[in-house]
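Undergrad: entry-v2.txt is the file, holding compact mmCIF, C-alpha atoms and all ligand atoms:
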```txt
# COMPACT_ATOMS: atom_id res chain seq x y z
CA MET D 46 92.55 41.67 49.72
CA PRO D 47 89.74 42.33 47.17
CA ALA D 48 88.49 39.28 45.28
CA THR D 49 89.56 38.51 41.72
CA SER D 50 86.83 38.33 39.07
CA THR D 51 87.25 34.52 39.02
CA GLN D 52 86.54 34.37 42.77
CA ILE D 53 83.54 36.71 42.38
CA GLN D 54 82.18 34.58 39.56
CA GLN D 55 82.59 31.37 41.60
CA ASP D 56 80.94 32.95 44.67
CA PHE D 57 77.90 34.00 42.63
CA ASP D 58 77.69 30.70 40.71
CA ARG D 59 77.36 29.09 44.16
CA LEU D 60 74.82 31.67 45.37
CA ALA D 61 72.67 31.49 42.22
CA ASP D 62 71.19 28.13 43.19
CA LEU D 63 70.61 29.19 46.79
CA GLU D 64 68.94 32.56 46.31
CA GLY D 65 65.18 32.56 45.95
CA ASP D 66 63.01 35.48 44.92
CA GLY D 67 62.15 36.41 48.53
CA TRP D 68 62.51 39.80 50.16
CA SER D 69 66.07 41.13 50.36
CA HIS D 70 67.89 44.33 51.26
CA ASN D 71 68.32 44.89 47.53
CA ASN D 72 64.81 44.27 46.25
CA HIS D 73 63.43 46.34 49.17
CA TYR D 74 64.67 49.34 47.14
CA HIS D 75 63.35 48.30 43.72
CA ALA D 76 60.28 50.54 44.16
CA PHE D 77 62.50 53.51 45.03
CA LEU D 78 64.64 52.87 41.94
CA LEU D 79 61.63 52.46 39.66
CA LYS D 80 60.25 55.77 40.89
CA GLN D 81 63.31 57.45 39.34
CA LEU D 82 62.36 56.17 35.89
CA PRO D 83 59.81 57.20 33.27
CA GLU D 84 56.59 55.14 33.11
CA ARG D 85 57.50 54.15 29.57
CA SER D 86 60.52 54.77 27.35
CA GLU D 87 61.24 53.86 23.75
CA LEU D 88 64.92 53.60 24.65
CA ASP D 89 66.86 50.57 25.89
CA ALA D 90 68.03 49.90 29.46
CA LEU D 91 71.19 48.22 30.70
CA GLU D 92 71.59 46.39 33.98
CA ILE D 93 75.08 45.63 35.24
CA GLY D 94 75.28 42.63 37.57
CA CYS D 95 71.69 41.49 37.06
CA GLY D 96 71.96 38.36 39.24
CA THR D 97 68.80 36.28 38.87
CA GLY D 98 67.13 39.05 36.88
CA ALA D 99 64.47 40.44 39.23
CA PHE D 100 65.22 44.11 38.49
CA ALA D 101 65.75 43.41 34.77
CA ARG D 102 62.17 42.08 34.68
CA LEU D 103 60.93 45.34 36.20
CA LEU D 104 62.96 47.37 33.71
CA ALA D 105 61.45 45.28 30.90
CA GLY D 106 58.06 46.81 31.68
CA ARG D 107 59.41 50.32 31.24
CA PHE D 108 61.93 50.12 28.41
CA ARG D 109 61.86 48.83 24.85
CA ARG D 110 64.62 46.32 25.47
CA VAL D 111 66.84 45.41 28.41
CA LEU D 112 70.41 44.22 28.15
CA ALA D 113 71.25 42.45 31.42
CA LEU D 114 74.87 41.47 32.08
CA ASP D 115 76.35 39.26 34.76
CA LEU D 116 79.75 37.70 35.29
CA SER D 117 78.26 34.49 36.69
CA PRO D 118 77.08 31.93 34.10
CA ARG D 119 74.87 30.22 36.69
CA MET D 120 73.20 33.53 37.63
CA ILE D 121 72.41 34.09 33.96
CA GLU D 122 70.99 30.57 33.59
CA VAL D 123 68.67 31.13 36.56
CA ALA D 124 67.76 34.62 35.30
CA LYS D 125 66.80 33.16 31.91
CA GLU D 126 64.69 30.44 33.54
CA ARG D 127 62.84 33.04 35.62
CA SER D 128 62.37 35.44 32.68
CA ARG D 129 60.80 33.17 30.06
CA ASP D 130 57.84 35.56 29.76
CA PHE D 131 60.06 38.58 29.06
CA PRO D 132 61.12 38.43 25.40
CA ASN D 133 62.55 41.98 25.53
CA ILE D 134 65.37 41.04 27.95
CA GLU D 135 68.69 39.91 26.56
CA PHE D 136 70.80 38.20 29.24
CA GLN D 137 74.52 37.90 28.62
CA VAL D 138 77.32 36.31 30.62
CA ALA D 139 79.82 39.15 30.58
CA ASP D 140 82.29 41.18 32.59
CA VAL D 141 81.05 44.74 32.14
CA MET D 142 84.62 46.01 32.14
CA THR D 143 85.41 44.20 28.88
CA TYR D 144 81.96 44.13 27.28
CA PRO D 145 81.74 46.40 24.19
CA LEU D 146 78.87 48.66 25.29
CA PRO D 147 77.20 50.60 22.48
CA VAL D 148 77.53 54.38 22.57
CA LYS D 149 74.60 56.69 23.60
CA GLN D 150 72.25 53.71 23.61
CA PHE D 151 70.64 53.46 27.03
CA GLY D 152 67.93 55.58 28.60
CA CYS D 153 68.85 53.93 31.88
CA VAL D 154 71.88 52.13 33.25
CA ALA D 155 71.13 50.42 36.55
CA SER D 156 73.35 48.48 38.91
CA ILE D 157 72.40 46.94 42.24
CA ALA D 158 74.94 45.65 44.77
CA THR D 159 77.52 45.21 42.04
CA LEU D 160 79.65 48.36 41.68
CA HIS D 161 81.55 47.60 44.92
CA HIS D 162 83.12 44.71 43.00
CA LEU D 163 84.51 47.10 40.39
CA PRO D 164 86.96 50.02 40.26
CA PHE D 165 84.50 52.92 40.57
CA GLU D 166 86.27 55.42 38.30
CA ALA D 167 86.84 52.83 35.55
CA VAL D 168 83.27 51.51 35.58
CA ILE D 169 81.84 55.04 35.50
CA ALA D 170 84.11 55.81 32.52
CA LYS D 171 82.65 52.70 30.85
CA ILE D 172 79.01 53.60 31.63
CA LYS D 173 78.96 57.32 30.77
CA PRO D 174 79.42 57.02 26.99
CA ALA D 175 76.76 54.27 26.90
CA LEU D 176 74.05 56.56 28.31
CA ALA D 177 71.79 58.31 25.81
CA PRO D 178 71.52 62.10 26.19
CA ARG D 179 69.54 62.73 29.42
CA GLY D 180 69.77 58.99 30.20
CA ARG D 181 69.74 58.13 33.90
CA LEU D 182 72.28 56.19 35.94
CA LEU D 183 70.83 54.38 38.96
CA VAL D 184 73.13 52.77 41.50
CA LEU D 185 72.18 50.99 44.69
CA ASP D 186 75.05 49.56 46.67
CA LEU D 187 76.48 48.83 50.08
CA TYR D 188 78.65 51.19 52.09
CA GLN D 189 81.08 50.86 54.97
CA ALA D 190 79.74 52.66 58.05
CA GLU D 191 82.23 55.15 59.52
CA SER D 192 80.37 58.23 60.78
CA VAL D 193 78.10 58.68 63.80
CA GLY D 194 75.18 59.09 61.38
CA ASP D 195 76.08 55.78 59.66
CA PHE D 196 76.27 53.87 62.94
CA ALA D 197 73.05 55.46 64.24
CA THR D 198 71.32 54.43 60.99
CA SER D 199 72.67 50.87 61.33
CA ALA D 200 71.50 50.71 64.95
CA VAL D 201 67.96 51.40 63.76
CA ALA D 202 68.35 49.12 60.71
CA VAL D 203 69.29 45.98 62.66
CA PRO D 204 65.92 45.49 64.46
CA VAL D 205 63.98 46.77 61.42
CA ASN D 206 65.80 44.18 59.32
CA PHE D 207 64.77 41.34 61.65
CA VAL D 208 61.14 42.45 61.66
CA LEU D 209 61.00 42.81 57.87
CA LYS D 210 62.70 39.44 57.31
CA TRP D 211 60.19 37.79 59.62
CA LEU D 212 57.20 39.50 57.99
CA LYS D 213 58.30 39.07 54.37
CA ASN D 214 60.21 35.77 54.40
CA GLY D 215 58.72 34.09 57.47
CA ARG D 216 62.11 33.69 59.18
CA VAL D 217 64.90 35.89 60.52
CA ARG D 218 67.87 33.68 59.55
CA GLU D 219 68.69 32.29 56.15
CA ALA D 220 69.24 28.56 55.69
CA PRO D 221 72.73 27.43 56.87
CA GLU D 222 74.02 26.81 53.32
CA VAL D 223 72.94 30.33 52.23
CA ARG D 224 74.62 31.90 55.26
CA ALA D 225 77.78 29.89 54.62
CA ALA D 226 77.92 31.02 50.97
CA TRP D 227 77.40 34.70 51.89
CA GLU D 228 79.95 34.51 54.71
CA ALA D 229 82.53 33.05 52.32
CA HIS D 230 81.79 35.82 49.81
CA GLY D 231 81.82 38.50 52.53
CA ARG D 232 85.39 37.64 53.52
CA THR D 233 86.69 39.40 50.41
CA ASP D 234 83.95 42.04 49.96
CA VAL D 235 85.11 45.64 50.41
CA TYR D 236 82.70 48.59 50.51
CA PRO D 237 83.43 52.29 50.10
CA THR D 238 82.48 54.76 52.82
CA LEU D 239 79.78 57.30 52.02
CA ALA D 240 82.43 60.02 52.09
CA GLN D 241 84.33 58.13 49.37
CA VAL D 242 81.13 57.68 47.33
CA ARG D 243 80.28 61.38 47.67
CA GLY D 244 83.83 62.40 46.74
CA ASP D 245 83.90 60.10 43.69
CA CYS D 246 80.48 61.33 42.56
CA ALA D 247 81.47 65.00 42.97
CA ARG D 248 84.47 64.32 40.71
CA LEU D 249 82.93 62.00 38.14
CA LEU D 250 79.15 62.55 38.21
CA PRO D 251 78.47 66.26 38.75
CA HIS D 252 75.11 67.00 40.46
CA ALA D 253 74.54 63.31 41.25
CA ARG D 254 72.04 62.72 44.06
CA VAL D 255 73.61 60.47 46.67
CA LYS D 256 71.32 59.16 49.38
CA ARG D 257 71.90 56.96 52.42
CA HIS D 258 69.14 54.38 52.91
CA LEU D 259 68.17 52.58 56.07
CA LEU D 260 69.14 49.02 55.13
CA PHE D 261 72.94 49.42 54.82
CA ARG D 262 72.80 50.86 51.31
CA TYR D 263 73.23 54.11 49.40
CA SER D 264 71.85 55.16 46.05
CA VAL D 265 73.17 57.38 43.31
CA VAL D 266 70.91 58.97 40.70
CA TRP D 267 72.66 60.84 37.92
CA ASP D 268 71.50 62.27 34.61
CA ALA D 269 73.77 62.32 31.58
C1 LIG D 301 75.34 40.91 45.11
S1 LIG D 301 74.95 40.36 43.48
C2 LIG D 301 73.56 41.40 43.10
C3 LIG D 301 72.70 40.79 42.05
C4 LIG D 301 71.45 41.59 41.71
N1 LIG D 301 71.79 42.90 41.16
C5 LIG D 301 70.54 41.73 42.90
O1 LIG D 301 70.23 42.86 43.30
O2 LIG D 301 70.12 40.71 43.47
C6 LIG D 301 76.25 41.09 42.47
C7 LIG D 301 76.24 40.54 41.06
O3 LIG D 301 77.20 41.28 40.29
C8 LIG D 301 77.81 40.37 39.40
N2 LIG D 301 79.10 40.96 38.97
C9 LIG D 301 80.20 41.18 39.74
N3 LIG D 301 81.19 41.70 39.00
C10 LIG D 301 80.71 41.85 37.74
C11 LIG D 301 81.25 42.32 36.51
N4 LIG D 301 82.52 42.75 36.43
N5 LIG D 301 80.46 42.35 35.39
C12 LIG D 301 79.18 41.88 35.46
N6 LIG D 301 78.61 41.40 36.60
C13 LIG D 301 79.36 41.38 37.72
C14 LIG D 301 77.93 39.10 40.20
O4 LIG D 301 78.14 37.95 39.39
C15 LIG D 301 76.61 39.08 40.96
O5 LIG D 301 75.61 38.36 40.29
```
Reformat the file's structure so that it appears as structure tokens.
Ligand SMILES: C[S@@+](CC[C@H](N)C(=O)[O-])C[C@H]1O[C@@H](n2cnc3c(N)ncnc32)[C@H](O)[C@@H]1O

TA:
Amino acid sequence: MPATSTQIQQDFDRLADLEGDGWSHNNHYHAFLLKQLPERSELDALEIGCGTGAFARLLAGRFRRVLALDLSPRMIEVAKERSRDFPNIEFQVADVMTYPLPVKQFGCVASIATLHHLPFEAVIAKIKPALAPRGRLLVLDLYQAESVGDFATSAVAVPVNFVLKWLKNGRVREAPEVRAAWEAHGRTDVYPTLAQVRGDCARLLPHARVKRHLLFRYSVVWDA
């Protein structure tokens, strides 16, 4: 059964104190995501599910102001501590589904490893009006492997993952308390298949570019 928002919040409150700023499957793709953005924009950016704020800090170098939302109060506390030198980021503890997003405000809406916690159609309906004309939606998230291509990609990803973890973090396994927290969270995590993502995008985000990445993730780039 999918987790309730209270469970999700509690899981990420627990993880906030365990997660460092080391290499991860998510931040591995920050450079790819940044490449989709202008060097500099006078518009604002929104990040949904900012966690400890690493991508918000990158957005802060490109956009006038960044609004970074997260359901977990502890994530937002850590994000604020790590972002003291970034006065143009506003962190808010908020559920994006109930947060009153301004209309046509954001040159970019980004979300990393968060949309799988939300009903896709409803969150897209929430995001679309908030994008400025020609604003860009960037999604990076996890998918459930189902096709031969997915499993072949995962077969390559597993050893690559170990090598990258060793090179970047100096170890291949996380500390026991981190693994325990992720395992507990993973018991209720549900991911869409790529076919579902492609179908949803075809319906809701015409001409979106959906891409499968090596490390168990897909991206969506869509222009309003
Ligand atoms: C797997 S973490 C990813 C964090 C960060 N984007 C990263 O790449 O490290 C997912 C985050 O989404 C947040 N989240 C989940 N549901 C949310 C919601 N409805 N509104 C805002 N944030 C949410 C969680 O609290 C958590 O911090």

Undergrad: Considering only C-alpha atoms, state which residue in the set D:Ser86, D:Ser192, D:Thr233, D:Phe165 is at the smallest distance from Cys246 in chain D.

TA: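 Using only C-alpha atoms, the shortest distance to Cys246 in chain D belongs to D:Phe165.
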
Undergrad: With all atoms listed in the file counted and 7 Å as the cut-off, give the residues of chain D in contact with ligand LIG 301 (chain D), each with its shortest interatomic distance in Å and the pair that gives it, as a tab-separated table.

TA:
```
residue	atom	partner	partner_atom	distance
D:Ser50	CA	D:LIG301	N3	6.6
D:Ile53	CA	D:LIG301	C9	6.2
D:Gln54	CA	D:LIG301	O4	5.3
D:Phe57	CA	D:LIG301	O4	5.1
D:Asn71	CA	D:LIG301	O1	5.1
D:Asn72	CA	D:LIG301	O1	6.3
D:Ile93	CA	D:LIG301	C12	5.6
D:Gly94	CA	D:LIG301	O3	3.6
D:Cys95	CA	D:LIG301	N1	4.3
D:Gly96	CA	D:LIG301	C3	3.8
D:Thr97	CA	D:LIG301	O2	6.5
D:Gly98	CA	D:LIG301	C4	7.0
D:Leu114	CA	D:LIG301	C12	5.5
D:Asp115	CA	D:LIG301	N6	3.6
D:Leu116	CA	D:LIG301	N6	4.1
D:Ser117	CA	D:LIG301	O4	4.4
D:Met120	CA	D:LIG301	O5	6.0
D:Ala139	CA	D:LIG301	C12	5.6
D:Asp140	CA	D:LIG301	N5	3.5
D:Val141	CA	D:LIG301	N5	4.1
D:Met142	CA	D:LIG301	N4	5.8
D:Ser156	CA	D:LIG301	N1	6.2
D:Ile157	CA	D:LIG301	N1	4.2
D:Ala158	CA	D:LIG301	C1	4.8
D:Thr159	CA	D:LIG301	O3	4.3
D:His162	CA	D:LIG301	N3	5.4
D:Leu163	CA	D:LIG301	N4	6.2
```

Undergrad: May I ask which of the residues D:Asp58, D:Glu64, D:Asp268, D:Glu84 is the closest one to Leu103 in chain D, counting only C-alpha atoms?

TA: D:Glu84

Undergrad: Find the spatial neighbours of Leu60 in chain D, counting only C-alpha atoms, within a cut-off of 8 Å - ignore same-chain residues fewer than 4 positions away - and output them as number ranges by chain.

TA: D: 56, 64, 223, 226-227

Undergrad: Taking into account only C-alpha atoms, which residue in the set D:Ile169, D:Leu91, D:Ala105, D:Ala200 is nearest to Asp245 in chain D?

TA: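 Smallest separation from Asp245 in chain D among the options: D:Ile169.
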
Undergrad: Go through D:Val123, D:Val205, D:Leu182, D:Ala90 and flag the residue nearest Leu250 in chain D, using all atoms listed in the file for the distances.

TA: D:Leu182

Undergrad: Which one of D:Thr49, D:Gln150, D:Asn133, D:Gln81 sits closest to Gly106 in chain D if you count only C-alpha atoms?

TA: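 When distances to Gly106 in chain D are compared using only C-alpha atoms, the smallest one comes from D:Asn133.
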
Undergrad: My list of candidates is D:Arg257, D:His75, D:Arg179, D:Arg59. Which is closest to Phe196 in chain D when distances are computed with only C-alpha atoms?

TA: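 For Phe196 in chain D, the nearest of the candidates is D:Arg257.
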
Undergrad: At what distance in Å, to one decimal, does CA of Lys173 in chain D lie from CA of Leu249 in chain D?

TA: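 Rounded to one decimal, the two atoms are 9.6 Å apart.
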
Undergrad: Mind checking which residues fall within 10 Å of Leu78 in chain D, counting all atoms listed in the file, ignoring those fewer than 3 positions away in the same chain, and posting them as a PyMOL selection string?

TA: chain D and resi 72-75+81-82+100+155+157+183-185+264-266

Undergrad: So the first atom is CA of Val217 in chain D and the second is CA of Lys125 in chain D; what is the distance between them in Å, to one decimal place?

TA: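 Value for the CA of Val217 in chain D-CA of Lys125 in chain D distance: 28.8 Å.
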
Undergrad: Between CA of Ala99 in chain D and CA of Ala76 in chain D, measure the distance and give it in Å to one decimal.

TA: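 Spanning CA of Ala99 in chain D to CA of Ala76 in chain D is a straight-line distance of 12.0 Å.
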
Undergrad: Kindly extract all protein, DNA and RNA residues lying within 9 Å of the coordinates (75.9, 55.8, 26.5) given in the file, considering all atoms listed in the file, and supply them as a compact mmCIF listing (two decimals) with C-alpha atoms, in the coordinates of the input.

TA:
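Okay, part-v3.txt is ready:
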```txt
# COMPACT_ATOMS: atom_id res chain seq x y z
CA LEU D 146 78.87 48.66 25.29
CA PRO D 147 77.20 50.60 22.48
CA VAL D 148 77.53 54.38 22.57
CA LYS D 149 74.60 56.69 23.60
CA GLN D 150 72.25 53.71 23.61
CA PHE D 151 70.64 53.46 27.03
CA GLY D 152 67.93 55.58 28.60
CA VAL D 154 71.88 52.13 33.25
CA LYS D 171 82.65 52.70 30.85
CA ILE D 172 79.01 53.60 31.63
CA LYS D 173 78.96 57.32 30.77
CA PRO D 174 79.42 57.02 26.99
CA ALA D 175 76.76 54.27 26.90
CA LEU D 176 74.05 56.56 28.31
CA ALA D 177 71.79 58.31 25.81
CA PRO D 178 71.52 62.10 26.19
CA GLY D 180 69.77 58.99 30.20
CA ALA D 269 73.77 62.32 31.58
```

Undergrad: Identify the residues within 12 Å of coordinate (84.9, 53.9, 56.4) (same frame as the file), considering all atoms listed in the file, and give the answer as a PyMOL selection string.

TA: chain D and resi 187-193+195-196+235-242

Undergrad: Would you pull range 48-72 of chain D out of the block just shown and save N, CA and C atoms as a PDB file, in the first residue's frame?

TA:
```
ATOM      1  N   ALA D  48       2.469   4.878   0.847  1.00  0.00           N
ATOM      2  CA  ALA D  48       2.574   5.539   2.154  1.00  0.00           C
ATOM      3  C   ALA D  48       1.663   6.757   2.226  1.00  0.00           C
ATOM      4  N   THR D  49       1.209   7.090   3.429  1.00  0.00           N
ATOM      5  CA  THR D  49       0.478   8.339   3.634  1.00  0.00           C
ATOM      6  C   THR D  49       1.502   9.477   3.701  1.00  0.00           C
ATOM      7  N   SER D  50       1.023  10.726   3.593  1.00  0.00           N
ATOM      8  CA  SER D  50       1.987  11.834   3.644  1.00  0.00           C
ATOM      9  C   SER D  50       2.628  11.937   5.034  1.00  0.00           C
ATOM     10  N   THR D  51       1.909  11.499   6.090  1.00  0.00           N
ATOM     11  CA  THR D  51       2.520  11.503   7.432  1.00  0.00           C
ATOM     12  C   THR D  51       3.689  10.521   7.489  1.00  0.00           C
ATOM     13  N   GLN D  52       3.482   9.322   6.897  1.00  0.00           N
ATOM     14  CA  GLN D  52       4.576   8.333   6.881  1.00  0.00           C
ATOM     15  C   GLN D  52       5.774   8.862   6.098  1.00  0.00           C
ATOM     16  N   ILE D  53       5.470   9.484   4.930  1.00  0.00           N
ATOM     17  CA  ILE D  53       6.553  10.006   4.074  1.00  0.00           C
ATOM     18  C   ILE D  53       7.329  11.068   4.849  1.00  0.00           C
ATOM     19  N   GLN D  54       6.590  11.939   5.504  1.00  0.00           N
ATOM     20  CA  GLN D  54       7.253  13.005   6.278  1.00  0.00           C
ATOM     21  C   GLN D  54       8.140  12.401   7.372  1.00  0.00           C
ATOM     22  N   GLN D  55       7.620  11.396   8.075  1.00  0.00           N
ATOM     23  CA  GLN D  55       8.412  10.788   9.165  1.00  0.00           C
ATOM     24  C   GLN D  55       9.657  10.087   8.615  1.00  0.00           C
ATOM     25  N   ASP D  56       9.484   9.397   7.469  1.00  0.00           N
ATOM     26  CA  ASP D  56      10.647   8.717   6.856  1.00  0.00           C
ATOM     27  C   ASP D  56      11.746   9.729   6.536  1.00  0.00           C
ATOM     28  N   PHE D  57      11.340  10.885   5.970  1.00  0.00           N
ATOM     29  CA  PHE D  57      12.363  11.841   5.534  1.00  0.00           C
ATOM     30  C   PHE D  57      12.880  12.692   6.702  1.00  0.00           C
ATOM     31  N   ASP D  58      12.095  12.860   7.741  1.00  0.00           N
ATOM     32  CA  ASP D  58      12.640  13.493   8.962  1.00  0.00           C
ATOM     33  C   ASP D  58      13.786  12.624   9.494  1.00  0.00           C
ATOM     34  N   ARG D  59      13.569  11.304   9.474  1.00  0.00           N
ATOM     35  CA  ARG D  59      14.603  10.367   9.951  1.00  0.00           C
ATOM     36  C   ARG D  59      15.839  10.408   9.040  1.00  0.00           C
ATOM     37  N   LEU D  60      15.586  10.450   7.720  1.00  0.00           N
ATOM     38  CA  LEU D  60      16.706  10.414   6.765  1.00  0.00           C
ATOM     39  C   LEU D  60      17.500  11.720   6.731  1.00  0.00           C
ATOM     40  N   ALA D  61      16.848  12.827   7.093  1.00  0.00           N
ATOM     41  CA  ALA D  61      17.509  14.140   6.970  1.00  0.00           C
ATOM     42  C   ALA D  61      18.801  14.199   7.770  1.00  0.00           C
ATOM     43  N   ASP D  62      18.811  13.566   8.942  1.00  0.00           N
ATOM     44  CA  ASP D  62      20.012  13.633   9.785  1.00  0.00           C
ATOM     45  C   ASP D  62      21.054  12.597   9.393  1.00  0.00           C
ATOM     46  N   LEU D  63      20.683  11.698   8.489  1.00  0.00           N
ATOM     47  CA  LEU D  63      21.606  10.618   8.118  1.00  0.00           C
ATOM     48  C   LEU D  63      22.282  10.874   6.782  1.00  0.00           C
ATOM     49  N   GLU D  64      21.626  11.698   5.949  1.00  0.00           N
ATOM     50  CA  GLU D  64      22.113  11.913   4.588  1.00  0.00           C
ATOM     51  C   GLU D  64      23.156  13.016   4.549  1.00  0.00           C
ATOM     52  N   GLY D  65      24.340  12.689   4.074  1.00  0.00           N
ATOM     53  CA  GLY D  65      25.355  13.724   3.887  1.00  0.00           C
ATOM     54  C   GLY D  65      25.206  14.357   2.504  1.00  0.00           C
ATOM     55  N   ASP D  66      26.244  15.073   2.104  1.00  0.00           N
ATOM     56  CA  ASP D  66      26.206  15.692   0.777  1.00  0.00           C
ATOM     57  C   ASP D  66      27.031  14.894  -0.229  1.00  0.00           C
ATOM     58  N   GLY D  67      27.265  13.600   0.068  1.00  0.00           N
ATOM     59  CA  GLY D  67      28.094  12.778  -0.822  1.00  0.00           C
ATOM     60  C   GLY D  67      27.393  12.461  -2.132  1.00  0.00           C
ATOM     61  N   TRP D  68      28.108  11.713  -2.976  1.00  0.00           N
ATOM     62  CA  TRP D  68      27.559  11.331  -4.275  1.00  0.00           C
ATOM     63  C   TRP D  68      26.326  10.450  -4.083  1.00  0.00           C
ATOM     64  N   SER D  69      25.320  10.659  -4.921  1.00  0.00           N
ATOM     65  CA  SER D  69      24.113   9.821  -4.877  1.00  0.00           C
ATOM     66  C   SER D  69      23.585   9.629  -6.297  1.00  0.00           C
ATOM     67  N   HIS D  70      22.665   8.686  -6.431  1.00  0.00           N
ATOM     68  CA  HIS D  70      22.043   8.461  -7.747  1.00  0.00           C
ATOM     69  C   HIS D  70      21.295   9.707  -8.214  1.00  0.00           C
ATOM     70  N   ASN D  71      20.864  10.528  -7.266  1.00  0.00           N
ATOM     71  CA  ASN D  71      20.141  11.744  -7.653  1.00  0.00           C
ATOM     72  C   ASN D  71      21.103  12.853  -8.068  1.00  0.00           C
ATOM     73  N   ASN D  72      22.101  13.125  -7.206  1.00  0.00           N
ATOM     74  CA  ASN D  72      22.963  14.267  -7.573  1.00  0.00           C
ATOM     75  C   ASN D  72      23.899  13.927  -8.751  1.00  0.00           C
TER      76      ASN D  72
END
```
